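So this one's protein.cif, mmCIF, C-alpha atoms (C1' of nucleotides):
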```cif
data_model
#
loop_
_atom_site.label_atom_id
_atom_site.label_comp_id
_atom_site.auth_asym_id
_atom_site.auth_seq_id
_atom_site.Cartn_x
_atom_site.Cartn_y
_atom_site.Cartn_z
CA MET A 657 78.15 105.08 116.13
CA GLN A 658 75.69 105.72 113.34
CA THR A 659 76.52 106.75 109.80
CA ASP A 660 74.16 108.92 107.80
CA GLY A 661 73.90 109.30 104.05
CA ILE A 662 76.78 111.78 103.92
CA ASP A 663 79.05 109.38 105.79
CA LYS A 664 78.19 106.65 103.31
CA LYS A 665 79.10 108.89 100.39
CA LEU A 666 82.28 109.92 102.16
CA LEU A 667 83.27 106.30 102.73
CA ALA A 668 82.58 105.49 99.10
CA LEU A 669 84.81 108.35 97.98
CA LEU A 670 87.65 107.46 100.34
CA GLN A 671 87.48 103.76 99.50
CA ASP A 672 87.85 104.70 95.87
CA ASP A 673 90.66 107.21 96.38
CA SER A 674 92.00 108.14 99.78
CA LYS A 675 94.20 110.89 98.32
CA ARG A 676 91.26 113.21 97.71
CA THR A 677 91.71 116.39 99.73
CA ASN A 678 89.21 117.54 102.32
CA LYS A 679 88.53 120.49 100.06
CA GLU A 680 87.60 118.24 97.14
CA LEU A 681 85.46 116.06 99.39
CA ALA A 682 83.78 119.14 100.84
CA GLY A 683 82.81 120.22 97.34
CA LYS A 684 81.38 116.84 96.42
CA LEU A 685 79.46 116.52 99.68
CA GLY A 686 78.27 120.10 100.00
CA LEU A 687 79.99 120.63 103.33
CA SER A 688 82.76 122.79 104.71
CA VAL A 689 86.33 121.53 104.94
CA THR A 690 86.05 121.37 108.72
CA ALA A 691 82.89 119.29 108.63
CA VAL A 692 84.56 116.78 106.31
CA TYR A 693 87.64 116.70 108.49
CA GLU A 694 85.62 115.98 111.61
CA ARG A 695 83.53 113.30 109.94
CA ILE A 696 86.65 111.50 108.75
CA ARG A 697 88.23 111.68 112.21
CA LYS A 698 85.06 110.26 113.70
CA LEU A 699 85.01 107.37 111.24
CA GLU A 700 88.66 106.67 112.01
CA ARG A 701 88.18 106.79 115.77
CA ALA A 702 85.13 104.53 115.54
CA GLY A 703 87.22 102.03 113.56
CA VAL A 704 84.96 102.19 110.52
CA ILE A 705 88.00 103.19 108.50
CA SER A 706 90.64 100.71 109.62
CA LYS A 707 93.60 101.89 107.59
CA TYR A 708 94.87 103.65 104.49
CA VAL A 709 96.97 101.68 102.05
CA ALA A 710 98.67 101.91 98.68
CA LEU A 711 97.63 99.22 96.20
CA VAL A 712 100.33 97.74 93.98
CA LYS A 713 99.73 96.35 90.50
CA PRO A 714 100.62 92.64 90.64
CA GLU A 715 101.96 92.49 87.08
CA LYS A 716 104.41 95.31 87.80
CA VAL A 717 106.06 93.36 90.58
CA ASP A 718 105.87 89.82 89.17
CA ARG A 719 102.94 88.61 91.23
CA SER A 720 100.24 88.22 88.61
CA PHE A 721 99.85 84.45 88.87
CA THR A 722 96.95 83.81 91.22
CA ALA A 723 95.75 80.51 92.59
CA PHE A 724 93.19 79.36 95.10
CA CYS A 725 94.36 76.52 97.25
CA MET A 726 91.85 74.43 99.16
CA ILE A 727 93.17 72.60 102.18
CA LYS A 728 92.00 69.78 104.41
CA LEU A 729 93.67 69.27 107.77
CA VAL A 730 94.49 65.79 108.99
CA GLN A 731 92.76 66.29 112.30
CA HIS A 732 90.80 69.10 113.86
CA THR A 733 92.26 69.48 117.30
CA LYS A 734 92.38 73.01 118.63
CA LYS A 735 96.14 72.80 118.68
CA ASN A 736 96.30 71.80 115.02
CA VAL A 737 93.93 74.55 113.98
CA THR A 738 95.65 77.43 115.75
CA GLY A 739 99.07 76.10 114.82
CA PHE A 740 98.23 75.82 111.15
CA GLU A 741 96.50 79.20 111.07
CA SER A 742 99.34 81.12 112.65
CA GLN A 743 101.89 79.48 110.39
CA VAL A 744 100.02 79.90 107.13
CA ALA A 745 99.27 83.55 107.95
CA LYS A 746 103.00 84.20 107.99
CA LEU A 747 103.48 83.18 104.37
CA THR A 748 103.76 86.35 102.30
CA GLU A 749 102.61 84.60 99.13
CA VAL A 750 99.30 83.95 100.85
CA LEU A 751 97.19 87.09 100.82
CA GLU A 752 93.97 85.61 102.12
CA VAL A 753 93.15 82.69 104.37
CA PHE A 754 89.60 81.70 105.24
CA HIS A 755 88.39 78.91 107.44
CA VAL A 756 85.35 77.67 105.55
CA SER A 757 82.46 75.26 105.59
CA GLY A 758 82.15 72.45 103.09
CA GLU A 759 84.41 69.75 101.77
CA TYR A 760 87.64 71.62 102.51
CA ASP A 761 88.67 73.39 105.70
CA TYR A 762 90.54 76.38 104.31
CA ILE A 763 90.62 78.49 101.18
CA LEU A 764 93.86 80.34 100.45
CA LYS A 765 94.43 82.99 97.84
CA VAL A 766 98.03 82.79 96.68
CA MET A 767 99.85 85.28 94.45
CA VAL A 768 103.24 84.48 92.95
CA LYS A 769 105.22 85.10 89.79
CA ASP A 770 104.25 82.09 87.69
CA MET A 771 103.39 78.42 87.76
CA GLU A 772 106.97 77.49 88.55
CA ALA A 773 106.97 79.80 91.55
CA TYR A 774 103.69 78.26 92.63
CA ARG A 775 105.18 74.78 92.40
CA GLU A 776 108.05 75.88 94.60
CA PHE A 777 105.71 77.58 97.02
CA MET A 778 103.64 74.42 97.41
CA LEU A 779 106.66 72.20 97.75
CA ASN A 780 108.81 74.27 100.09
CA LYS A 781 106.41 76.48 101.99
CA LEU A 782 102.88 75.14 102.14
CA THR A 783 103.24 71.40 102.32
CA ALA A 784 106.10 71.97 104.72
CA LEU A 785 103.47 73.01 107.26
CA GLU A 786 102.27 70.44 109.72
CA HIS A 787 98.74 69.12 109.97
CA ILE A 788 97.91 69.41 106.27
CA GLY A 789 95.93 66.45 104.98
CA SER A 790 95.28 67.22 101.34
CA THR A 791 95.23 70.19 99.00
CA GLN A 792 93.57 71.12 95.76
CA SER A 793 94.64 74.03 93.56
CA THR A 794 92.47 76.12 91.27
CA PHE A 795 94.23 78.54 88.94
CA VAL A 796 93.05 81.97 87.90
CA ILE A 797 92.75 82.33 84.15
CA ASN A 798 91.51 85.90 84.30
CA PRO A 799 90.89 88.26 87.22
CA VAL A 800 87.57 89.79 86.21
CA LYS A 801 87.05 91.99 89.25
CA ASN A 802 89.12 92.63 92.35
CA THR A 803 88.07 95.51 94.57
CA THR A 804 88.42 96.44 98.23
CA VAL A 805 85.31 98.61 98.18
CA LEU A 806 82.46 97.69 100.49
CA SER A 807 79.32 99.25 99.09
CA ILE A 808 77.45 100.70 102.02
CA MET B 1281 111.33 100.56 85.20
CA GLN B 1282 113.44 98.80 87.76
CA THR B 1283 112.97 98.87 91.50
CA ASP B 1284 115.91 98.63 93.86
CA GLY B 1285 115.96 97.56 97.48
CA ILE B 1286 114.90 100.99 98.71
CA ASP B 1287 111.89 100.99 96.41
CA LYS B 1288 110.86 97.59 97.74
CA LYS B 1289 111.04 98.86 101.32
CA LEU B 1290 109.15 101.97 100.31
CA LEU B 1291 106.40 99.90 98.70
CA ALA B 1292 106.17 97.71 101.77
CA LEU B 1293 105.76 100.77 104.00
CA LEU B 1294 103.14 102.40 101.77
CA GLN B 1295 101.19 99.18 101.33
CA ASP B 1296 101.03 98.93 105.10
CA ASP B 1297 100.12 102.56 105.72
CA SER B 1298 99.86 105.14 102.98
CA LYS B 1299 99.36 107.97 105.46
CA ARG B 1300 103.02 107.97 106.49
CA THR B 1301 104.58 111.34 105.71
CA ASN B 1302 107.54 111.69 103.40
CA LYS B 1303 109.51 112.83 106.42
CA GLU B 1304 108.75 109.63 108.32
CA LEU B 1305 109.56 107.53 105.27
CA ALA B 1306 112.78 109.46 104.75
CA GLY B 1307 113.82 108.60 108.29
CA LYS B 1308 113.08 104.91 107.91
CA LEU B 1309 114.81 104.70 104.54
CA GLY B 1310 117.79 106.91 105.30
CA LEU B 1311 116.98 109.36 102.52
CA SER B 1312 115.96 112.99 102.22
CA VAL B 1313 112.34 114.02 101.93
CA THR B 1314 112.87 114.99 98.30
CA ALA B 1315 114.37 111.65 97.40
CA VAL B 1316 111.39 109.85 98.92
CA TYR B 1317 108.99 112.18 97.16
CA GLU B 1318 110.58 111.55 93.78
CA ARG B 1319 110.70 107.80 94.25
CA ILE B 1320 107.02 107.72 95.08
CA ARG B 1321 106.13 109.87 92.07
CA LYS B 1322 108.14 107.53 89.88
CA LEU B 1323 106.37 104.45 91.24
CA GLU B 1324 103.02 106.16 90.65
CA ARG B 1325 103.87 107.23 87.11
CA ALA B 1326 105.15 103.76 86.27
CA GLY B 1327 101.86 102.31 87.52
CA VAL B 1328 103.51 100.21 90.21
CA ILE B 1329 101.34 101.98 92.74
CA SER B 1330 97.90 101.87 91.15
CA LYS B 1331 95.89 103.73 93.75
CA TYR B 1332 95.49 104.77 97.36
CA VAL B 1333 92.42 103.62 99.22
CA ALA B 1334 90.79 103.62 102.62
CA LEU B 1335 89.93 100.18 103.98
CA VAL B 1336 86.65 99.79 105.84
CA LYS B 1337 86.05 97.24 108.60
CA PRO B 1338 83.30 94.92 107.36
CA GLU B 1339 81.75 94.37 110.79
CA LYS B 1340 81.31 98.12 111.27
CA VAL B 1341 79.17 98.41 108.18
CA ASP B 1342 77.26 95.13 108.34
CA ARG B 1343 79.24 93.26 105.73
CA SER B 1344 81.01 90.64 107.79
CA PHE B 1345 79.32 87.60 106.29
CA THR B 1346 81.61 86.29 103.57
CA ALA B 1347 80.94 83.51 101.09
CA PHE B 1348 82.69 82.05 98.09
CA CYS B 1349 80.39 81.20 95.26
CA MET B 1350 81.53 78.84 92.52
CA ILE B 1351 79.74 79.12 89.23
CA LYS B 1352 79.38 77.02 86.10
CA LEU B 1353 78.07 78.65 82.94
CA VAL B 1354 75.60 76.81 80.75
CA GLN B 1355 77.63 77.31 77.62
CA HIS B 1356 80.96 78.91 76.86
CA THR B 1357 80.30 81.12 73.89
CA LYS B 1358 82.28 84.35 73.80
CA LYS B 1359 79.04 86.26 74.09
CA ASN B 1360 78.00 84.38 77.22
CA VAL B 1361 81.35 84.88 78.85
CA THR B 1362 81.67 88.63 78.30
CA GLY B 1363 78.00 89.15 79.08
CA PHE B 1364 78.19 87.28 82.35
CA GLU B 1365 81.45 88.92 83.36
CA SER B 1366 80.29 92.48 82.79
CA GLN B 1367 77.05 91.84 84.63
CA VAL B 1368 78.52 90.10 87.64
CA ALA B 1369 81.20 92.78 87.98
CA LYS B 1370 78.47 95.34 88.53
CA LEU B 1371 77.14 93.63 91.65
CA THR B 1372 78.44 95.56 94.64
CA GLU B 1373 78.11 92.56 96.95
CA VAL B 1374 80.70 90.80 94.79
CA LEU B 1375 84.17 92.06 95.64
CA GLU B 1376 86.17 89.58 93.61
CA VAL B 1377 85.48 87.62 90.45
CA PHE B 1378 87.98 85.19 88.96
CA HIS B 1379 87.68 83.09 85.86
CA VAL B 1380 89.34 79.87 86.91
CA SER B 1381 90.43 76.43 85.83
CA GLY B 1382 88.89 73.28 87.21
CA GLU B 1383 85.41 72.01 87.79
CA TYR B 1384 83.82 75.44 88.05
CA ASP B 1385 84.24 78.42 85.72
CA TYR B 1386 84.19 81.29 88.20
CA ILE B 1387 84.96 81.95 91.83
CA LEU B 1388 83.20 84.91 93.46
CA LYS B 1389 83.91 86.43 96.83
CA VAL B 1390 80.69 87.86 98.20
CA MET B 1391 80.32 90.05 101.31
CA VAL B 1392 76.91 90.78 102.78
CA LYS B 1393 75.28 91.32 106.17
CA ASP B 1394 74.24 87.80 107.05
CA MET B 1395 72.96 84.51 105.70
CA GLU B 1396 69.54 85.99 105.03
CA ALA B 1397 71.12 88.78 102.96
CA TYR B 1398 73.10 86.13 101.11
CA ARG B 1399 69.97 84.18 100.34
CA GLU B 1400 68.38 87.32 98.92
CA PHE B 1401 71.49 88.14 96.96
CA MET B 1402 71.54 84.70 95.36
CA LEU B 1403 67.85 84.75 94.62
CA ASN B 1404 67.41 88.29 93.32
CA LYS B 1405 70.81 89.29 92.00
CA LEU B 1406 73.03 86.39 91.07
CA THR B 1407 70.71 83.74 89.73
CA ALA B 1408 68.88 86.54 87.95
CA LEU B 1409 71.89 86.73 85.63
CA GLU B 1410 71.74 84.88 82.34
CA HIS B 1411 74.00 82.00 81.34
CA ILE B 1412 74.45 80.58 84.81
CA GLY B 1413 74.36 76.80 84.87
CA SER B 1414 74.95 75.85 88.48
CA THR B 1415 76.38 77.37 91.64
CA GLN B 1416 77.94 76.12 94.82
CA SER B 1417 78.42 78.23 97.95
CA THR B 1418 81.13 77.92 100.56
CA PHE B 1419 80.76 79.98 103.73
CA VAL B 1420 83.52 81.64 105.70
CA ILE B 1421 83.58 80.54 109.32
CA ASN B 1422 86.58 82.67 110.22
CA PRO B 1423 88.67 85.09 108.17
CA VAL B 1424 92.17 84.13 109.28
CA LYS B 1425 94.11 86.55 107.08
CA ASN B 1426 93.05 89.18 104.60
CA THR B 1427 95.69 91.54 103.32
CA THR B 1428 96.27 93.65 100.24
CA VAL B 1429 100.04 93.61 100.66
CA LEU B 1430 102.15 92.10 97.91
CA SER B 1431 105.47 91.12 99.42
CA ILE B 1432 108.12 92.16 96.93
"C1'" DA C 111 56.75 125.95 127.42
"C1'" DT C 112 61.22 127.49 128.43
"C1'" DT C 113 65.85 126.83 129.42
"C1'" DT C 114 70.02 124.08 129.10
"C1'" DT C 115 72.91 121.18 126.79
"C1'" DT C 116 74.88 119.05 123.02
"C1'" DA C 117 76.15 118.02 118.24
"C1'" DG C 118 77.41 119.64 113.91
"C1'" DC C 119 79.06 123.12 111.10
"C1'" DA C 120 81.45 127.45 109.14
"C1'" DG C 121 85.28 130.61 109.09
"C1'" DG C 122 89.80 131.76 110.31
"C1'" DT C 123 94.53 130.62 111.70
"C1'" DA C 124 98.57 127.92 112.99
"C1'" DT C 125 101.06 123.97 111.88
"C1'" DT C 126 102.48 120.39 109.05
"C1'" DT C 127 103.17 118.36 104.72
"C1'" DT C 128 103.74 118.40 99.93
"C1'" DT C 129 105.70 120.26 95.98
"C1'" DT C 130 108.98 122.86 93.46
"C1'" DC C 131 113.47 124.88 92.57
"C1'" DC C 132 118.40 124.89 92.49
"C1'" DG C 133 122.83 123.15 92.89
"C1'" DC C 134 125.94 119.30 93.96
"C1'" DT C 135 127.72 114.66 93.31
"C1'" DT C 136 128.19 110.38 91.01
"C1'" DA C 137 127.57 107.17 87.47
"C1'" DT C 138 127.27 106.44 82.33
"C1'" DG C 139 128.55 106.77 77.72
"C1'" DA C 140 130.60 109.04 73.63
"C1'" DT D 300 138.45 113.07 79.13
"C1'" DC D 301 134.51 115.46 78.75
"C1'" DA D 302 129.48 115.70 78.30
"C1'" DT D 303 125.11 114.08 79.89
"C1'" DA D 304 121.90 112.40 82.81
"C1'" DA D 305 120.08 110.49 87.14
"C1'" DG D 306 119.61 110.79 92.00
"C1'" DC D 307 119.98 113.30 95.98
"C1'" DG D 308 119.99 117.14 99.65
"C1'" DG D 309 118.59 121.72 101.31
"C1'" DA D 310 115.63 125.59 101.15
"C1'" DA D 311 111.54 128.01 99.85
"C1'" DA D 312 106.83 128.15 98.11
"C1'" DA D 313 102.37 126.18 97.87
"C1'" DA D 314 98.93 123.39 99.68
"C1'" DA D 315 96.64 120.63 102.97
"C1'" DT D 316 95.73 119.36 107.62
"C1'" DA D 317 94.78 120.29 112.35
"C1'" DC D 318 93.01 123.24 115.66
"C1'" DC D 319 90.29 127.02 117.76
"C1'" DT D 320 86.29 129.93 118.31
"C1'" DG D 321 81.74 130.91 117.89
"C1'" DC D 322 77.18 130.17 115.78
"C1'" DT D 323 72.89 127.51 115.04
"C1'" DA D 324 69.66 124.02 115.47
"C1'" DA D 325 68.11 120.01 117.52
"C1'" DA D 326 67.63 117.31 121.69
"C1'" DA D 327 67.19 116.95 126.61
"C1'" DA D 328 65.93 118.60 130.97
"C1'" DT D 329 63.35 121.49 134.12
#
```

In structure tokens, how does this file's structure come out?
Amino acid sequence: MQTDGIDKKLLALLQDDSKRTNKELAGKLGLSVTAVYERIRKLERAGVISKYVALVKPEKVDRSFTAFCMIKLVQHTKKNVTGFESQVAKLTEVLEVFHVSGEYDYILKVMVKDMEAYREFMLNKLTALEHIGSTQSTFVINPVKNTTVLSI
Amino acid sequence: MQTDGIDKKLLALLQDDSKRTNKELAGKLGLSVTAVYERIRKLERAGVISKYVALVKPEKVDRSFTAFCMIKLVQHTKKNVTGFESQVAKLTEVLEVFHVSGEYDYILKVMVKDMEAYREFMLNKLTALEHIGSTQSTFVINPVKNTTVLSI
DNA sequence: ATTTTTAGCAGGTATTTTTTCCGCTTATGA
DNA sequence: TCATAAGCGGAAAAAATACCTGCTAAAAAT
């Protein structure tokens, strides 16, 4: 499918606040409510919009300690890779996992309550996984920006 | 405010899919529609739920090339830091910016179309910023997990 | 060049959902 | 023990979504 300028604006608005009503969107876009409705349905069906979610403030639920954990595997067999990936993806403290180029194999973004919780996470959850060679942790001093918005 | 077990379940459900109706939530939680409605309002007012957003699939809008960019500043004066932070936060290609401990000062998550777009971004946008000492880029080979859900 | 087809949109309506109101019950504290 | 407040359920009102019909303009076909 192709997205025109109106679709781009619509996506920007919905990425910023998905609770806007079709009426409000129609006003901002200069369209009728029906037109907005159909454009949104089309974007959903095409998979451009993958889901709608509520975002929770980390500090309100004791998850404001963020760390990046870089990981090297011991050996890169296919079995090791898929095994490690499926296991690490299950850890709820780990919000993001990326297989990356460079010195380390994986970058993990981990969110927990505090340093003590991070220590426990490393000890009992992460290093309990098989195939891990070495790790290196980098701690977030200040989250300057953290958005889900893709500017299109 | 304090959140009980039902609130935790409710937050889990809304973080997964904010389009669930109060009726559906009421069924899953064993409450009335009104009770669900009031719990959600309370979580919103307390700032536990910060916002509702639509998530867009990167590959559908030509933003599936992801890189982490580590940055060192030339000098750590307060002016440099706040200047750099406010400028880098404006770049739409940069979804996340963290001031971190360790060898580098900042970690950026950058999403663009492809390597060529990344090269242009580095050349024209990022290194155009003042105060940057050195950078190091790490490229994502495979995004294994990428969620916004805080498990509470 | 003319007709046919299709895509996108507006207006109206039915359906669903959200929001509000009211009263009941239970826990809390004076 | 009584007063107060918090949380909940049910019902009604308000609002939003989903659907239907028909119009128009652009694209495709003859």

Residues of chain B within 6 Å of chain A, counting all atoms listed in the file, as a PyMOL selection string: chain B and resi 1294-1298+1328-1337+1340+1372+1375-1381+1418-1427+1431

Chain A in the frame of chain B after full C-alpha superposition, as a compact mmCIF listing (two decimals) with C-alpha atoms, in the coordinates of the input:
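As a result, part_19.txt now contains:
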```txt
# COMPACT_ATOMS: atom_id res chain seq x y z
CA MET A 657 111.34 100.55 85.21
CA GLN A 658 113.46 98.79 87.79
CA THR A 659 112.97 98.88 91.54
CA ASP A 660 115.92 98.62 93.89
CA GLY A 661 115.97 97.55 97.51
CA ILE A 662 114.91 100.99 98.73
CA ASP A 663 111.90 100.98 96.42
CA LYS A 664 110.88 97.60 97.77
CA LYS A 665 111.05 98.87 101.34
CA LEU A 666 109.14 101.98 100.33
CA LEU A 667 106.40 99.91 98.71
CA ALA A 668 106.17 97.73 101.79
CA LEU A 669 105.76 100.79 104.00
CA LEU A 670 103.15 102.42 101.78
CA GLN A 671 101.19 99.20 101.34
CA ASP A 672 101.03 98.94 105.10
CA ASP A 673 100.11 102.58 105.72
CA SER A 674 99.85 105.13 102.96
CA LYS A 675 99.37 107.98 105.45
CA ARG A 676 103.02 107.97 106.49
CA THR A 677 104.58 111.33 105.67
CA ASN A 678 107.55 111.70 103.36
CA LYS A 679 109.50 112.87 106.38
CA GLU A 680 108.75 109.67 108.30
CA LEU A 681 109.57 107.55 105.26
CA ALA A 682 112.79 109.49 104.73
CA GLY A 683 113.84 108.65 108.28
CA LYS A 684 113.09 104.96 107.89
CA LEU A 685 114.84 104.73 104.53
CA GLY A 686 117.82 106.95 105.28
CA LEU A 687 117.01 109.38 102.50
CA SER A 688 116.02 113.01 102.18
CA VAL A 689 112.39 114.06 101.91
CA THR A 690 112.91 115.02 98.28
CA ALA A 691 114.40 111.66 97.37
CA VAL A 692 111.41 109.87 98.90
CA TYR A 693 109.02 112.20 97.13
CA GLU A 694 110.62 111.56 93.76
CA ARG A 695 110.73 107.81 94.25
CA ILE A 696 107.03 107.73 95.09
CA ARG A 697 106.17 109.86 92.06
CA LYS A 698 108.18 107.52 89.87
CA LEU A 699 106.39 104.46 91.24
CA GLU A 700 103.05 106.17 90.65
CA ARG A 701 103.90 107.22 87.11
CA ALA A 702 105.18 103.74 86.28
CA GLY A 703 101.88 102.30 87.54
CA VAL A 704 103.54 100.20 90.22
CA ILE A 705 101.35 101.97 92.75
CA SER A 706 97.91 101.87 91.15
CA LYS A 707 95.89 103.73 93.74
CA TYR A 708 95.48 104.77 97.36
CA VAL A 709 92.41 103.60 99.22
CA ALA A 710 90.79 103.61 102.63
CA LEU A 711 89.93 100.15 103.98
CA VAL A 712 86.66 99.76 105.86
CA LYS A 713 86.05 97.23 108.61
CA PRO A 714 83.30 94.89 107.36
CA GLU A 715 81.74 94.35 110.79
CA LYS A 716 81.32 98.10 111.28
CA VAL A 717 79.16 98.40 108.20
CA ASP A 718 77.24 95.10 108.35
CA ARG A 719 79.23 93.24 105.72
CA SER A 720 81.00 90.61 107.79
CA PHE A 721 79.29 87.57 106.27
CA THR A 722 81.59 86.26 103.57
CA ALA A 723 80.93 83.51 101.08
CA PHE A 724 82.68 82.04 98.09
CA CYS A 725 80.37 81.19 95.26
CA MET A 726 81.51 78.83 92.53
CA ILE A 727 79.72 79.12 89.23
CA LYS A 728 79.38 77.03 86.09
CA LEU A 729 78.05 78.65 82.94
CA VAL A 730 75.59 76.81 80.74
CA GLN A 731 77.64 77.33 77.62
CA HIS A 732 80.96 78.94 76.87
CA THR A 733 80.30 81.15 73.91
CA LYS A 734 82.26 84.37 73.82
CA LYS A 735 79.02 86.28 74.08
CA ASN A 736 77.97 84.40 77.21
CA VAL A 737 81.34 84.89 78.85
CA THR A 738 81.66 88.63 78.30
CA GLY A 739 78.00 89.17 79.08
CA PHE A 740 78.17 87.30 82.35
CA GLU A 741 81.45 88.93 83.36
CA SER A 742 80.29 92.48 82.79
CA GLN A 743 77.05 91.87 84.63
CA VAL A 744 78.50 90.11 87.64
CA ALA A 745 81.20 92.79 87.99
CA LYS A 746 78.46 95.34 88.54
CA LEU A 747 77.14 93.63 91.66
CA THR A 748 78.43 95.55 94.66
CA GLU A 749 78.11 92.54 96.96
CA VAL A 750 80.68 90.80 94.80
CA LEU A 751 84.15 92.06 95.64
CA GLU A 752 86.15 89.58 93.61
CA VAL A 753 85.46 87.61 90.46
CA PHE A 754 87.97 85.20 88.96
CA HIS A 755 87.67 83.10 85.86
CA VAL A 756 89.33 79.87 86.93
CA SER A 757 90.43 76.44 85.82
CA GLY A 758 88.90 73.29 87.22
CA GLU A 759 85.41 72.01 87.81
CA TYR A 760 83.82 75.46 88.04
CA ASP A 761 84.25 78.42 85.73
CA TYR A 762 84.19 81.30 88.20
CA ILE A 763 84.96 81.95 91.83
CA LEU A 764 83.20 84.91 93.45
CA LYS A 765 83.91 86.41 96.82
CA VAL A 766 80.69 87.85 98.21
CA MET A 767 80.31 90.03 101.30
CA VAL A 768 76.90 90.78 102.79
CA LYS A 769 75.27 91.31 106.16
CA ASP A 770 74.22 87.77 107.05
CA MET A 771 72.94 84.49 105.71
CA GLU A 772 69.54 85.98 105.02
CA ALA A 773 71.10 88.74 102.95
CA TYR A 774 73.10 86.12 101.11
CA ARG A 775 69.94 84.17 100.34
CA GLU A 776 68.37 87.30 98.91
CA PHE A 777 71.49 88.13 96.96
CA MET A 778 71.52 84.69 95.36
CA LEU A 779 67.83 84.73 94.61
CA ASN A 780 67.41 88.27 93.31
CA LYS A 781 70.80 89.28 92.00
CA LEU A 782 73.03 86.37 91.07
CA THR A 783 70.70 83.74 89.71
CA ALA A 784 68.88 86.52 87.93
CA LEU A 785 71.89 86.72 85.62
CA GLU A 786 71.73 84.88 82.35
CA HIS A 787 73.97 82.02 81.33
CA ILE A 788 74.45 80.58 84.82
CA GLY A 789 74.35 76.79 84.87
CA SER A 790 74.95 75.85 88.47
CA THR A 791 76.37 77.35 91.64
CA GLN A 792 77.94 76.10 94.82
CA SER A 793 78.41 78.22 97.94
CA THR A 794 81.13 77.90 100.56
CA PHE A 795 80.75 79.97 103.72
CA VAL A 796 83.50 81.63 105.70
CA ILE A 797 83.57 80.52 109.31
CA ASN A 798 86.56 82.65 110.21
CA PRO A 799 88.66 85.09 108.17
CA VAL A 800 92.15 84.13 109.29
CA LYS A 801 94.09 86.53 107.09
CA ASN A 802 93.03 89.17 104.60
CA THR A 803 95.70 91.54 103.34
CA THR A 804 96.28 93.64 100.24
CA VAL A 805 100.05 93.61 100.69
CA LEU A 806 102.15 92.09 97.93
CA SER A 807 105.47 91.13 99.44
CA ILE A 808 108.12 92.18 96.97
```

Could you tell me, as a PDB file with C-alpha atoms (C1' of nucleotides), keeping the file's coordinate frame, exactly which residues end up selected when the PyMOL selection byres ((chain D) within 8 of (chain B)) is applied to this structure?
```pdb
ATOM      1  C1'  DG D 306     119.610 110.790  92.000  1.00  0.00           C
ATOM      2  C1'  DC D 307     119.980 113.300  95.980  1.00  0.00           C
ATOM      3  C1'  DG D 308     119.990 117.140  99.650  1.00  0.00           C
TER       4       DG D 308
END
```

Atomic separation - atom CA of Arg701 of chain A relative to atom CA of Ile662 of chain A, Å: 17.2 Å

Interface list for chain C, partner chain B, 9 Å threshold, all atoms listed in the file, as a PyMOL selection string: chain C and resi 127-129

The PyMOL selection byres ((chain D and resi 300) around 12) applied to the shown file, residues as a PyMOL selection string: (chain C and resi 139-140) or (chain D and resi 301-302)

Output of the PyMOL selection byres ((chain D and resi 318) around 12), listed as a list in words: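 Evaluating the PyMOL selection byres ((chain D and resi 318) around 12) on this file yields Thr690, Tyr693 and Glu694 of chain A; DG122, DT123, DA124, DT125 and DT126 of chain C; DT316, DA317, DC319 and DT320 of chain D.
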
Pairwise distance for atom CA of Ile1351 of chain B and atom CA of Ser790 of chain A, rounded to one decimal in Å: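 Between atom CA of Ile1351 of chain B and atom CA of Ser790 of chain A the gap works out to 23.0 Å.
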
Point-to-point distance in Å for atom CA of Leu1409 of chain B and atom CA of Gln1355 of chain B: 13.6 Å

Please give the centre and size of the box around segment 118-133 of chain C (axis-aligned, containing every atom listed in the file, 8 Å added per side), with values in Å to one decimal and written as AutoDock Vina command-line options.
```
--center_x 100.1 --center_y 125.1 --center_z 103.2 --size_x 61.4 --size_y 29.4 --size_z 37.4
```
